[in-house]
$ cat input24.cif   # mmCIF, C-alpha atoms
data_upload
loop_
_atom_site.label_atom_id
_atom_site.label_comp_id
_atom_site.auth_asym_id
_atom_site.auth_seq_id
_atom_site.Cartn_x
_atom_site.Cartn_y
_atom_site.Cartn_z
CA MET A 1 90.29 120.50 106.85
CA SER A 2 92.51 117.42 106.67
CA LYS A 3 95.17 116.91 109.32
CA LYS A 4 98.82 117.12 108.35
CA ILE A 5 101.22 114.24 108.99
CA ILE A 6 104.97 114.45 108.46
CA VAL A 7 106.49 111.23 107.13
CA ILE A 8 110.27 110.91 107.50
CA ASP A 9 111.87 107.93 105.75
CA ASP A 10 114.79 107.50 103.38
CA SER A 11 112.93 104.77 101.48
CA ARG A 12 110.87 106.25 98.66
CA SER A 13 108.61 103.19 98.54
CA THR A 14 107.85 103.41 102.27
CA ARG A 15 107.10 107.12 101.95
CA GLN A 16 104.81 106.39 99.03
CA ALA A 17 103.06 103.51 100.79
CA LEU A 18 102.48 105.77 103.81
CA SER A 19 101.30 108.64 101.61
CA LEU A 20 98.82 106.37 99.83
CA VAL A 21 97.46 104.80 102.99
CA LEU A 22 97.23 108.12 104.88
CA GLY A 23 96.04 110.07 101.84
CA ASP A 24 93.33 107.49 101.32
CA ALA A 25 92.15 108.20 104.86
CA HIS A 26 92.08 111.95 104.02
CA TYR A 27 95.25 112.96 105.82
CA GLN A 28 97.62 115.45 104.21
CA VAL A 29 101.17 114.07 104.02
CA VAL A 30 104.42 116.06 104.13
CA GLU A 31 107.44 113.95 103.14
CA ALA A 32 111.02 114.20 104.39
CA VAL A 33 113.88 112.03 103.05
CA ASP A 34 116.22 111.84 106.06
CA GLY A 35 116.70 113.03 109.64
CA GLU A 36 118.01 116.46 108.71
CA ASP A 37 115.20 117.05 106.25
CA GLY A 38 112.73 115.78 108.87
CA LEU A 39 114.04 118.17 111.51
CA SER A 40 113.64 121.07 109.13
CA LYS A 41 110.14 119.98 108.01
CA ILE A 42 108.91 119.57 111.60
CA GLN A 43 110.17 123.02 112.55
CA GLY A 44 108.64 124.49 109.39
CA THR A 45 105.22 122.87 109.80
CA ALA A 46 103.48 124.44 112.77
CA ASP A 47 100.15 122.69 112.20
CA ALA A 48 101.44 119.10 111.92
CA ALA A 49 99.18 116.65 113.78
CA LEU A 50 101.66 113.76 113.84
CA VAL A 51 105.19 112.75 112.84
CA ILE A 52 105.97 109.24 111.57
CA CYS A 53 109.72 108.71 111.55
CA ASP A 54 112.08 105.92 110.48
CA VAL A 55 115.07 105.08 112.71
CA ASN A 56 117.79 104.02 110.29
CA MET A 57 118.38 106.93 107.95
CA PRO A 58 121.42 108.60 106.38
CA LYS A 59 122.80 111.94 107.66
CA LEU A 60 120.84 111.87 110.94
CA ASN A 61 119.09 108.78 112.28
CA GLY A 62 115.53 109.01 113.60
CA LEU A 63 116.37 108.80 117.32
CA ASP A 64 119.15 111.40 117.06
CA MET A 65 116.68 113.60 115.17
CA VAL A 66 114.03 113.33 117.92
CA GLU A 67 116.60 114.12 120.61
CA ALA A 68 117.91 117.07 118.60
CA LEU A 69 114.34 118.28 118.10
CA ARG A 70 113.70 118.21 121.86
CA ARG A 71 116.86 120.25 122.45
CA VAL A 72 116.00 122.96 119.90
CA THR A 73 112.32 123.22 120.82
CA VAL A 74 112.47 123.37 124.62
CA GLY A 75 109.21 124.83 125.96
CA LYS A 76 107.43 124.54 122.64
CA SER A 77 104.64 122.08 121.95
CA LEU A 78 105.44 119.39 119.40
CA PRO A 79 103.19 117.00 117.49
CA PRO A 80 103.23 113.39 118.74
CA ILE A 81 106.02 111.32 117.17
CA VAL A 82 105.80 107.64 116.22
CA MET A 83 108.81 105.64 115.11
CA LEU A 84 108.25 103.33 112.12
CA THR A 85 111.21 101.01 111.77
CA THR A 86 112.50 97.49 111.26
CA GLU A 87 114.34 97.78 114.59
CA VAL A 88 113.00 95.98 117.66
CA GLN A 89 115.90 96.36 120.13
CA ALA A 90 114.66 97.14 123.63
CA ASP A 91 117.39 99.74 124.24
CA LEU A 92 116.34 101.68 121.13
CA VAL A 93 112.68 101.51 122.17
CA ALA A 94 113.59 102.72 125.66
CA ARG A 95 115.67 105.55 124.20
CA ALA A 96 112.73 106.62 122.03
CA LYS A 97 110.36 106.55 125.00
CA ALA A 98 112.79 108.64 127.03
CA ALA A 99 112.91 111.16 124.18
CA GLY A 100 109.12 111.59 124.35
CA VAL A 101 108.18 109.40 121.41
CA LYS A 102 104.53 108.23 121.65
CA GLY A 103 104.72 104.93 119.79
CA TRP A 104 106.86 102.36 118.03
CA ILE A 105 105.62 100.55 114.93
CA VAL A 106 107.58 97.74 113.35
CA LYS A 107 107.96 97.54 109.57
CA PRO A 108 106.41 96.18 107.50
CA PHE A 109 103.35 98.03 108.75
CA LYS A 110 99.79 96.80 108.33
CA PRO A 111 97.72 99.64 106.80
CA ASP A 112 94.69 99.13 109.06
CA LEU A 113 96.76 98.99 112.26
CA LEU A 114 98.78 102.01 111.20
CA LEU A 115 95.60 103.99 110.55
CA LEU A 116 94.17 102.93 113.88
CA THR A 117 97.32 104.16 115.65
CA VAL A 118 97.29 107.42 113.67
CA GLN A 119 93.62 107.97 114.55
CA LYS A 120 94.34 107.36 118.24
CA LEU A 121 97.21 109.84 118.28
CA THR A 122 95.60 112.55 116.17
CA GLY A 123 92.14 112.17 117.65
CA VAL A 124 90.57 111.67 114.20
CA MET B 1 151.01 83.10 112.62
CA SER B 2 153.64 83.65 109.97
CA ALA B 3 153.63 87.22 108.67
CA PRO B 4 154.13 86.26 104.98
CA LEU B 5 151.30 83.75 105.26
CA LEU B 6 149.05 86.42 106.84
CA LYS B 7 149.98 88.85 104.07
CA PHE B 8 149.18 86.21 101.48
CA LEU B 9 145.85 85.34 103.13
CA THR B 10 144.93 89.01 103.48
CA GLN B 11 145.68 89.55 99.78
CA VAL B 12 143.50 86.57 98.83
CA VAL B 13 140.71 87.74 101.12
CA CYS B 14 141.02 91.26 99.71
CA ARG B 15 140.64 89.97 96.17
CA GLU B 16 137.67 87.76 97.07
CA HIS B 17 136.22 90.58 99.09
CA ASP B 18 136.26 92.85 96.05
CA LYS B 19 134.27 90.24 94.12
CA VAL B 20 131.75 89.87 96.97
CA ALA B 21 131.51 93.65 97.31
CA ASP B 22 130.84 93.95 93.59
CA LEU B 23 128.11 91.27 93.80
CA VAL B 24 126.50 92.89 96.85
CA ASN B 25 126.52 96.24 95.08
CA ARG B 26 124.85 94.76 92.02
CA LEU B 27 122.23 93.09 94.24
CA LEU B 28 121.72 96.37 96.03
CA ASP B 29 121.22 98.22 92.74
CA ASP B 30 118.65 95.63 91.63
CA ALA B 31 116.87 95.61 94.97
CA THR B 32 116.81 99.40 95.07
CA GLN B 33 115.41 99.59 91.57
CA LEU B 34 112.81 96.96 92.39
CA SER B 35 112.06 98.59 95.69
CA GLU B 36 111.68 102.10 94.41
CA GLN B 37 109.93 101.52 91.11
CA GLU B 38 108.03 98.27 91.26
CA ILE B 39 106.88 98.62 94.84
CA CYS B 40 105.72 102.19 94.31
CA LEU B 41 103.81 101.13 91.22
CA ALA B 42 102.37 98.00 92.83
CA THR B 43 101.39 99.85 95.99
CA ALA B 44 99.76 102.63 94.02
CA SER B 45 97.88 100.08 91.88
CA LEU B 46 96.70 98.18 94.93
CA MET B 47 95.50 101.31 96.64
CA GLN B 48 93.73 102.34 93.43
CA ILE B 49 92.01 98.93 93.30
CA ASN B 50 90.94 99.46 96.90
CA ARG B 51 89.63 102.96 96.13
CA ASP B 52 87.81 101.74 93.00
CA SER B 53 86.26 98.92 94.96
CA ARG B 54 85.06 101.32 97.66
CA GLU B 55 83.70 103.75 95.05
CA HIS B 56 81.92 100.84 93.37
CA VAL B 57 80.22 100.03 96.67
CA SER B 58 79.27 103.70 97.17
CA ASP B 59 77.85 103.89 93.64
CA LEU B 60 75.88 100.70 94.16
CA ARG B 61 74.61 101.99 97.50
CA ARG B 62 73.44 105.20 95.80
CA VAL B 63 71.71 103.19 93.05
CA VAL B 64 70.01 100.91 95.57
CA THR B 65 68.88 103.91 97.65
CA GLY B 66 67.52 105.66 94.53
CA SER B 67 65.79 102.48 93.43
CA GLN B 68 64.33 102.03 96.91
CA GLU B 69 62.93 105.59 96.91
CA LYS B 70 61.33 105.02 93.49
CA ARG B 71 59.96 101.69 94.62
CA VAL B 72 58.41 103.23 97.72
CA ALA B 73 56.78 105.93 95.55
CA ALA B 74 55.51 103.26 93.12
CA ILE B 75 54.12 101.15 95.97
CA GLU B 76 52.31 104.22 97.33
CA MET B 77 50.78 104.78 93.88
CA ILE B 78 49.77 101.12 93.67
CA ASP B 79 48.21 101.39 97.13
CA HIS B 80 46.14 104.33 95.91
CA GLN B 81 45.18 102.40 92.79
CA THR B 82 44.22 99.42 94.92
CA HIS B 83 42.03 101.69 97.01
CA TYR B 84 40.34 103.10 93.86
CA SER B 85 40.03 99.62 92.46
CA ARG B 86 38.26 98.40 95.62
CA THR B 87 35.92 101.40 95.55
CA MET B 88 35.21 100.62 91.91
CA GLN B 89 34.56 96.95 92.72
CA ALA B 90 32.10 97.95 95.44
CA ALA B 91 30.33 100.36 93.06
CA LEU B 92 30.16 97.70 90.38
CA GLN B 93 28.81 95.16 92.81
CA GLU B 94 26.17 97.72 93.80
CA GLN B 95 25.39 98.28 90.13
CA VAL B 96 24.99 94.53 89.57
CA ASP B 97 22.60 94.40 92.54
CA LEU B 98 20.68 97.43 91.24
CA ALA B 99 20.46 95.86 87.77
CA ARG B 100 19.02 92.70 89.30
CA LYS B 101 16.56 94.71 91.37
CA SER B 102 15.59 96.71 88.26
CA MET B 103 14.93 93.46 86.43
CA GLY B 104 12.57 92.41 89.25
CA LEU B 105 10.85 95.80 89.14
CA SER B 106 10.47 95.55 85.36
CA ARG B 107 8.76 92.19 85.78
CA GLU B 108 6.48 93.69 88.43
CA ILE B 109 5.69 96.54 86.02
CA SER B 110 4.86 93.94 83.34
CA GLY B 111 2.38 92.39 85.83
CA PHE B 112 0.77 95.78 86.46
CA VAL B 113 0.63 96.41 82.71
CA GLU B 114 -1.40 93.20 82.34
CA VAL B 115 -3.80 94.34 85.09
CA ILE B 116 -4.11 97.77 83.48
CA GLY B 117 -4.72 96.01 80.12
CA ARG B 118 -7.52 94.00 81.65
CA ILE B 119 -9.05 97.12 83.27
CA SER B 120 -8.78 98.97 79.95
CA SER B 121 -10.56 96.11 78.11
CA ALA B 122 -13.33 96.11 80.75
CA ALA B 123 -13.64 99.90 80.37
CA ARG B 124 -13.93 99.52 76.58
CA ILE B 125 -16.73 96.96 76.99
CA LEU B 126 -18.44 99.26 79.48
CA THR B 127 -18.13 102.12 76.96
CA VAL B 128 -19.73 100.04 74.19
CA ASN B 129 -22.52 99.00 76.55
CA GLY B 130 -22.98 102.65 77.55
CA GLN B 131 -23.25 103.73 73.90
CA ILE B 132 -25.85 100.99 73.23
CA GLU B 133 -27.89 102.02 76.28
CA SER B 134 -27.71 105.74 75.41
CA ALA B 135 -28.85 104.98 71.84
CA ARG B 136 -31.83 103.05 73.18
CA MET B 137 -32.79 105.93 75.43
CA GLY B 138 -32.84 108.34 72.42
CA SER B 139 -32.61 112.04 73.15
CA LEU B 140 -32.62 111.34 76.90
CA GLY B 141 -29.43 109.28 76.56
CA ALA B 142 -27.50 111.92 74.54
CA ALA B 143 -25.56 113.07 77.62
CA PHE B 144 -24.65 109.43 78.39
CA SER B 145 -23.53 109.04 74.78
CA VAL B 146 -21.08 111.97 75.24
CA ILE B 147 -19.73 110.38 78.48
CA ALA B 148 -19.46 106.97 76.77
CA ASN B 149 -17.47 108.52 73.93
CA GLU B 150 -15.17 110.28 76.39
CA MET B 151 -14.74 106.97 78.21
CA ARG B 152 -13.90 105.27 74.88
CA ASP B 153 -11.25 107.88 74.04
CA LEU B 154 -9.81 107.68 77.60
CA SER B 155 -9.71 103.90 77.42
CA ALA B 156 -7.92 104.01 74.04
CA GLU B 157 -5.39 106.46 75.48
CA VAL B 158 -4.86 104.25 78.58
CA GLN B 159 -4.36 101.26 76.27
CA ARG B 160 -1.73 103.15 74.19
CA ALA B 161 0.08 104.33 77.33
CA ASN B 162 -0.11 100.80 78.78
CA GLN B 163 1.36 99.39 75.57
CA ALA B 164 4.19 101.95 75.70
CA ILE B 165 4.93 100.99 79.35
CA ALA B 166 4.78 97.32 78.39
CA ASP B 167 7.25 97.92 75.53
CA LEU B 168 9.62 99.88 77.81
CA ALA B 169 9.42 97.25 80.55
CA GLY B 170 10.06 94.55 77.92
CA ASN B 171 13.07 96.44 76.59
CA LEU B 172 14.38 96.95 80.13
CA VAL B 173 14.05 93.24 80.83
CA LYS B 174 15.93 92.48 77.60
CA LEU B 175 18.75 94.94 78.46
CA MET B 176 19.21 93.76 82.02
CA PRO B 177 21.18 90.50 81.29
CA ALA B 178 23.65 92.46 79.10
CA LEU B 179 24.02 95.11 81.82
CA ASP B 180 24.47 92.39 84.44
CA ASN B 181 27.00 90.63 82.23
CA ASN B 182 29.00 93.81 81.57
CA ALA B 183 29.05 94.75 85.22
CA GLY B 184 30.22 91.20 86.02
CA LYS B 185 33.02 91.46 83.46
CA LEU B 186 34.09 94.85 84.84
CA LEU B 187 34.10 93.34 88.29
CA GLN B 188 36.27 90.45 87.10
CA ASN B 189 38.67 92.87 85.38
CA THR B 190 39.05 95.03 88.47
CA GLU B 191 39.71 91.86 90.49
CA ALA B 192 42.36 90.76 87.97
CA PHE B 193 43.82 94.29 88.10
CA SER B 194 44.06 94.06 91.91
CA ALA B 195 45.71 90.65 91.65
CA GLN B 196 48.28 92.03 89.18
CA GLN B 197 49.00 94.95 91.49
CA ALA B 198 49.61 92.49 94.31
CA ASP B 199 52.01 90.58 91.99
CA ILE B 200 53.82 93.84 91.14
CA ILE B 201 54.30 94.55 94.85
CA LYS B 202 55.59 91.00 95.37
CA ASN B 203 58.02 91.49 92.44
CA PHE B 204 59.16 94.78 93.96
CA GLN B 205 59.86 92.95 97.20
CA VAL B 206 61.88 90.28 95.34
CA VAL B 207 63.87 92.98 93.49
CA ALA B 208 64.47 94.84 96.78
CA GLN B 209 65.76 91.64 98.37
CA GLN B 210 68.02 90.95 95.38
CA GLU B 211 69.38 94.50 95.48
CA SER B 212 70.00 94.22 99.20
CA ASP B 213 71.75 90.84 98.75
CA SER B 214 73.82 92.23 95.90
CA LEU B 215 74.85 95.27 97.95
CA LEU B 216 75.75 93.07 100.90
CA SER B 217 77.78 90.73 98.70
CA THR B 218 79.57 93.67 97.04
CA GLU B 219 80.32 95.20 100.42
CA GLU B 220 81.73 91.87 101.59
CA ARG B 221 83.86 91.60 98.45
CA ALA B 222 85.09 95.18 98.91
CA LYS B 223 86.00 94.37 102.50
CA HIS B 224 87.85 91.26 101.31
CA ILE B 225 89.67 93.32 98.65
CA SER B 226 90.58 95.91 101.28
CA ASP B 227 91.93 93.19 103.59
CA GLN B 228 93.91 91.61 100.76
CA VAL B 229 95.28 94.98 99.68
CA GLY B 230 96.37 95.57 103.28
CA VAL B 231 98.14 92.20 103.33
CA MET B 232 99.79 92.83 99.95
CA VAL B 233 100.90 96.35 100.86
CA THR B 234 102.41 94.84 104.02
CA HIS B 235 104.17 92.12 102.03
CA LEU B 236 105.46 94.56 99.45
CA GLN B 237 107.33 96.35 102.21
CA PHE B 238 109.52 93.27 102.69
CA GLN B 239 111.19 94.23 99.42
CA ASP B 240 112.17 97.42 101.12
CA ARG B 241 113.58 95.49 104.04
CA VAL B 242 115.62 93.38 101.62
CA ALA B 243 116.96 96.58 100.05
CA GLN B 244 117.77 97.95 103.49
CA ASP B 245 119.58 94.74 104.51
CA LEU B 246 121.54 94.77 101.27
CA ARG B 247 122.42 98.43 101.79
CA GLU B 248 123.69 97.51 105.21
CA ALA B 249 125.57 94.51 103.78
CA SER B 250 127.05 96.79 101.16
CA ASP B 251 128.14 99.35 103.78
CA ARG B 252 129.69 96.63 105.89
CA THR B 253 131.42 95.09 102.86
CA VAL B 254 132.91 98.49 102.01
CA GLU B 255 134.07 98.90 105.59
CA GLN B 256 135.53 95.40 105.62
CA GLY B 257 137.33 96.10 102.35
CA LYS B 258 138.85 99.27 103.72
CA PHE B 259 139.80 97.43 106.88
CA LEU B 260 141.49 94.65 104.95
CA LYS B 261 143.42 97.12 102.79
CA VAL B 262 144.61 99.09 105.81
CA LEU B 263 145.60 95.84 107.48
CA LEU B 264 147.48 94.72 104.40
CA ASP B 265 149.28 98.08 104.14
CA MET B 266 150.31 97.79 107.77
CA LEU B 267 151.64 94.28 107.23
CA CYS B 268 153.50 95.35 104.12
CA GLN B 269 155.14 98.17 106.06
CA ARG B 270 156.63 95.61 108.49
CA PRO B 271 158.76 93.32 106.29
CA ASP B 272 160.97 92.67 109.30
CA LEU B 273 158.21 90.71 110.98
CA GLU B 274 158.51 86.97 110.58
CA CYS B 275 155.88 86.04 113.10
CA LEU B 276 152.92 88.01 114.54
CA THR B 277 151.56 87.46 118.00
CA GLU B 278 147.79 87.59 118.70
CA ALA B 279 148.33 90.88 120.51
CA GLN B 280 150.08 92.37 117.48
CA ILE B 281 147.25 91.21 115.16
CA GLU B 282 144.66 92.76 117.52
CA GLU B 283 146.75 95.94 117.69
CA CYS B 284 146.78 96.11 113.87
CA ALA B 285 142.99 95.50 113.75
CA GLN B 286 142.28 98.23 116.32
CA SER B 287 144.54 100.66 114.47
CA ALA B 288 142.73 99.89 111.22
CA LYS B 289 139.33 100.43 112.89
CA ALA B 290 140.54 103.70 114.40
CA ILE B 291 141.68 104.91 110.98
CA LEU B 292 138.27 104.01 109.43
CA GLY B 293 136.05 105.52 112.16
CA GLY B 294 132.47 104.46 113.06
CA SER B 295 129.45 103.78 110.88
CA GLY B 296 126.53 106.18 110.71
CA ARG B 297 124.03 103.33 111.11
CA LEU B 298 122.92 101.66 114.29
CA GLY B 299 123.86 98.11 113.38
CA ALA B 300 122.25 94.92 112.23
CA ARG B 301 118.58 94.32 112.89
CA GLN B 302 117.88 91.89 115.67
CA GLY B 303 115.05 89.52 116.39
CA ARG B 304 112.14 90.54 118.62
CA ASN B 305 112.80 90.30 122.31
CA GLY B 306 109.30 90.71 123.75
CA THR B 307 109.42 94.52 123.93
CA ILE B 308 107.19 94.90 120.88
CA PRO B 309 103.77 93.19 120.74
CA GLU B 310 103.05 90.62 118.02
CA ASP B 311 101.00 93.09 115.95
CA GLY B 312 104.10 95.31 115.74
CA VAL B 313 102.49 98.37 117.37
CA LEU B 314 103.63 99.68 120.74
CA LEU B 315 102.10 102.86 122.19
CA PHE B 316 103.76 104.52 125.19
#

$ encode --input "input24.cif" --output "C-alpha cells"
Amino acid sequence: MSKKIIVIDDSRSTRQALSLVLGDAHYQVVEAVDGEDGLSKIQGTADAALVICDVNMPKLNGLDMVEALRRVTVGKSLPPIVMLTTEVQADLVARAKAAGVKGWIVKPFKPDLLLLTVQKLTGV
Amino acid sequence: MSAPLLKFLTQVVCREHDKVADLVNRLLDDATQLSEQEICLATASLMQINRDSREHVSDLRRVVTGSQEKRVAAIEMIDHQTHYSRTMQAALQEQVDLARKSMGLSREISGFVEVIGRISSAARILTVNGQIESARMGSLGAAFSVIANEMRDLSAEVQRANQAIADLAGNLVKLMPALDNNAGKLLQNTEAFSAQQADIIKNFQVVAQQESDSLLSTEERAKHISDQVGVMVTHLQFQDRVAQDLREASDRTVEQGKFLKVLLDMLCQRPDLECLTEAQIEECAQSAKAILGGSGRLGARQGRNGTIPEDGVLLF
C-alpha cells in the first residue's frame, strides 16, 4: 500500500513536478491549491504520511496554515510537515520550527534530495 | 516642495505607473502560461524519459538473466556431451587397440595354418605309404588299408578346414587396416567435436561478457539520464520562481498605483496648499497606506543568510 503525501502549493507546475517525482517513487499524492484547501485536505486525510507545503500562497499562507492546524488539532497526532518554498529568511524558518514543522526545503527542489527527505520522514 | 509641482509629478508617475503595471501584467500572463503549460509538459516528458530509461534497463536485465539461464543450461548439456564424447574416444581407442591385436592374432593364426598344412601333407604321405604297405601285405593288410583310407579322408578334411581358416584369417588381415582407419577417423571426429564444444563454451563466455558490459553501460546511461532529468526538473522550477516574482511585482505595482491615486486625490483636495512640508508628505503617505491596508503576502524573497544549508534542505 503506497503512502499518502499531501502537497499544498498554489503553483500548478510545482504541484505537478512534485506529483511526478513522488508518484514515480510510488507515493500517492493528494493536491491542495492554497492554505485553506490544504487545511481542509489535511483534516480530511487521516492516513497522510507527510505534508509538503509552500509558504507564499493566496488566501492563507503556509505558516499561518500550520499554526491554524495546530490550534484546531490540539491533542491529535498530525503527519510530519515540510515547508517547500523560495523563502530563506531565518525568522520564517524559526517560526516554522516553533510551529512543529519538521523540515524546510528551498525551491527549486532537487528530485533526489526531496525523495531522500521524504523517505527519512515517512520511514519508507 | 511646491504642491502644484508634486501634483504634476504624481500625475506623471501615475501615468507611467499604469504603463509599467500593464507591462508587468502582460509579463505575468506570459510567465504564468509558460509556467503552467510548458513546465508541466516538459516535466512530465522528462519524467517519462526517466521512467522509459529505467524500464529499458529492467527489460534488458530480464533479457540478460533469461539468456544467462539458457546459457547455463546449454553449457550443462555441452558438459554432458563432452563427457559422452570422451567416453566414446576411450572406447574407440580401445577398439583401435583391439583391431591391432586382432591383426597380430590373425597373423599368428596364419602361421599355425601353415604348420597344420605341413602336418596335413605329412599325414597324406603317411596315408599313401600305409596304403602301399597294406596292399603288399595282401589279405593281412586289409585292416591297415581301412585305417589308411580313414586317415586319407581325415587328412583331406583337415586340409579343407585349414584352408577355410587360412581364408578367414586372410580376410581378417585384409579388413583390419580399414577397421583401424575407420576407428582412427571416428577418433579424429570426436576430437574435433570436443574442440568445437570448447569453442562454443568460449563463445558463450564472450557473449556473456558482452551482455554484462552492455547491461552495465545501459545502467550507467540510465543513471546519467536520471541525474540529468533531476537537474532539468530543478531548472524548470526557476520558471515558476520567475512567475512568482512577477506576480509579486504585479501585486506591488497594483498597490503602488492605488497608493499614487490616493495620494493624488488627497493633494487635489487641498488646493489651498502652496507648499508641503516633509511631515505633511509623510502624513499623506501614511494615510494612503492606511486606506489601502496590508498585503496578504510575506514580502520580497531575500538572499540566503546561512540558516539553510547549501543543498537547500534543512531538517529540524

$ resolve_selection --input "input24.cif" --expression "the PyMOL selection byres ((chain B and resi 312) around 10)" --output "JSON list (two decimals) with C-alpha atoms, keeping the file's coordinate frame"
[["chain", "number", "residue", "atom", "x", "y", "z"],
["A", 84, "LEU", "CA", 108.25, 103.33, 112.12],
["A", 85, "THR", "CA", 111.21, 101.01, 111.77],
["A", 86, "THR", "CA", 112.50, 97.49, 111.26],
["A", 88, "VAL", "CA", 113.00, 95.98, 117.66],
["A", 104, "TRP", "CA", 106.86, 102.36, 118.03],
["A", 105, "ILE", "CA", 105.62, 100.55, 114.93],
["A", 106, "VAL", "CA", 107.58, 97.74, 113.35],
["A", 107, "LYS", "CA", 107.96, 97.54, 109.57],
["A", 108, "PRO", "CA", 106.41, 96.18, 107.50],
["A", 109, "PHE", "CA", 103.35, 98.03, 108.75],
["A", 110, "LYS", "CA", 99.79, 96.80, 108.33],
["A", 113, "LEU", "CA", 96.76, 98.99, 112.26],
["A", 114, "LEU", "CA", 98.78, 102.01, 111.20],
["B", 304, "ARG", "CA", 112.14, 90.54, 118.62],
["B", 307, "THR", "CA", 109.42, 94.52, 123.93],
["B", 308, "ILE", "CA", 107.19, 94.90, 120.88],
["B", 309, "PRO", "CA", 103.77, 93.19, 120.74],
["B", 310, "GLU", "CA", 103.05, 90.62, 118.02],
["B", 311, "ASP", "CA", 101.00, 93.09, 115.95],
["B", 313, "VAL", "CA", 102.49, 98.37, 117.37],
["B", 314, "LEU", "CA", 103.63, 99.68, 120.74]]

$ closest_residue --input "input24.cif" --among "A:Ile52, A:Val29, A:Leu22, A:Ala94" --to "Ile81 of chain A" --atoms "all atoms listed in the file"
A:Ile52

$ residues_around --input "input24.cif" --residues "segment 182-186 of chain B" --least-positions-apart "5" --cutoff "12 Å" --atoms "all atoms listed in the file" --output "PDB file with C-alpha atoms, keeping the file's coordinate frame"
ATOM      1  CA  SER B  85      40.030  99.620  92.460  1.00  0.00           C
ATOM      2  CA  MET B  88      35.210 100.620  91.910  1.00  0.00           C
ATOM      3  CA  GLN B  89      34.560  96.950  92.720  1.00  0.00           C
ATOM      4  CA  ALA B  90      32.100  97.950  95.440  1.00  0.00           C
ATOM      5  CA  ALA B  91      30.330 100.360  93.060  1.00  0.00           C
ATOM      6  CA  LEU B  92      30.160  97.700  90.380  1.00  0.00           C
ATOM      7  CA  GLN B  93      28.810  95.160  92.810  1.00  0.00           C
ATOM      8  CA  GLU B  94      26.170  97.720  93.800  1.00  0.00           C
ATOM      9  CA  GLN B  95      25.390  98.280  90.130  1.00  0.00           C
ATOM     10  CA  VAL B  96      24.990  94.530  89.570  1.00  0.00           C
ATOM     11  CA  ASP B  97      22.600  94.400  92.540  1.00  0.00           C
ATOM     12  CA  LEU B  98      20.680  97.430  91.240  1.00  0.00           C
ATOM     13  CA  ALA B  99      20.460  95.860  87.770  1.00  0.00           C
ATOM     14  CA  ARG B 100      19.020  92.700  89.300  1.00  0.00           C
ATOM     15  CA  LEU B 175      18.750  94.940  78.460  1.00  0.00           C
ATOM     16  CA  MET B 176      19.210  93.760  82.020  1.00  0.00           C
ATOM     17  CA  PRO B 177      21.180  90.500  81.290  1.00  0.00           C
ATOM     18  CA  GLU B 191      39.710  91.860  90.490  1.00  0.00           C
ATOM     19  CA  ALA B 192      42.360  90.760  87.970  1.00  0.00           C
ATOM     20  CA  PHE B 193      43.820  94.290  88.100  1.00  0.00           C
TER      21      PHE B 193
END

$ atom_distance --input "input24.cif" --atom1 "atom CA of Asp64 of chain A" --atom2 "atom CA of Gly35 of chain A"
8.0 Å

$ closest_residue --input "input24.cif" --among "A:Ala49, A:Leu63, A:Ala25, A:Val74" --to "Arg95 of chain A" --atoms "only C-alpha atoms"
A:Leu63

$ closest_residue --input "input24.cif" --among "A:Ile42, A:Leu115, A:Ala48, A:Val7" --to "Asp24 of chain A" --atoms "all atoms listed in the file"
A:Leu115

$ interface_residues --input "input24.cif" --of "chain A" --to "chain B" --cutoff "9 Å" --atoms "all atoms listed in the file" --output "VMD selection string"
chain A and resid 11 to 14 16 to 17 20 to 21 24 55 to 61 82 86 to 90 93 97 100 to 114 117

$ resolve_selection --input "input24.cif" --expression "the PyMOL selection byres ((chain B and resi 130) around 12)" --output "list in words"
Ala123, Arg124, Ile125, Leu126, Thr127, Val128, Asn129, Gln131, Ile132, Glu133, Ser134, Ala135, Arg136, Met137, Gly141, Ala142, Ala143, Phe144, Ser145, Val146, Ile147, Ala148, Asn149, Glu150, Met151 and Arg152 of chain B

$ write_last_selection --input "input24.cif" --atoms "C-alpha atoms" --output "short mmCIF file (atom, residue, chain, number, x, y, z; two decimals), in the coordinates of the input"
data_model
loop_
_atom_site.label_atom_id
_atom_site.label_comp_id
_atom_site.auth_asym_id
_atom_site.auth_seq_id
_atom_site.Cartn_x
_atom_site.Cartn_y
_atom_site.Cartn_z
CA ALA B 123 -13.64 99.90 80.37
CA ARG B 124 -13.93 99.52 76.58
CA ILE B 125 -16.73 96.96 76.99
CA LEU B 126 -18.44 99.26 79.48
CA THR B 127 -18.13 102.12 76.96
CA VAL B 128 -19.73 100.04 74.19
CA ASN B 129 -22.52 99.00 76.55
CA GLN B 131 -23.25 103.73 73.90
CA ILE B 132 -25.85 100.99 73.23
CA GLU B 133 -27.89 102.02 76.28
CA SER B 134 -27.71 105.74 75.41
CA ALA B 135 -28.85 104.98 71.84
CA ARG B 136 -31.83 103.05 73.18
CA MET B 137 -32.79 105.93 75.43
CA GLY B 141 -29.43 109.28 76.56
CA ALA B 142 -27.50 111.92 74.54
CA ALA B 143 -25.56 113.07 77.62
CA PHE B 144 -24.65 109.43 78.39
CA SER B 145 -23.53 109.04 74.78
CA VAL B 146 -21.08 111.97 75.24
CA ILE B 147 -19.73 110.38 78.48
CA ALA B 148 -19.46 106.97 76.77
CA ASN B 149 -17.47 108.52 73.93
CA GLU B 150 -15.17 110.28 76.39
CA MET B 151 -14.74 106.97 78.21
CA ARG B 152 -13.90 105.27 74.88
#

$ resolve_selection --input "input24.cif" --expression "the PyMOL selection byres ((chain A and resi 9) around 6)" --output "MDAnalysis selection string"
chainID A and resid 8 10:11 33:34 54

$ residues_near_point --input "input24.cif" --point "(89.6, 111.4, 113.1)" --cutoff "12 Å" --atoms "only C-alpha atoms" --output "JSON, numbers by chain"
{"A": [1, 2, 3, 4, 22, 25, 26, 27, 49, 115, 116, 117, 118, 119, 120, 121, 122, 123, 124]}

$ atom_distance --input "input24.cif" --atom1 "atom CA of His17 of chain B" --atom2 "atom CA of Cys268 of chain B"
18.6 Å

$ closest_residue --input "input24.cif" --among "A:Gly23, A:Val72, A:Asp91, A:Gln28" --to "Gln43 of chain A" --atoms "only C-alpha atoms"
A:Val72

$ atom_distance --input "input24.cif" --atom1 "atom CA of Met83 of chain A" --atom2 "atom CA of Ile6 of chain A"
11.7 Å

$ axis_aligned_box --input "input24.cif" --around "segment 252-259 of chain B" --padding-each-side "4 Å" --output "AutoDock Vina command-line options"
--center_x 134.7 --center_y 97.2 --center_z 104.4 --size_x 18.1 --size_y 12.2 --size_z 12.9
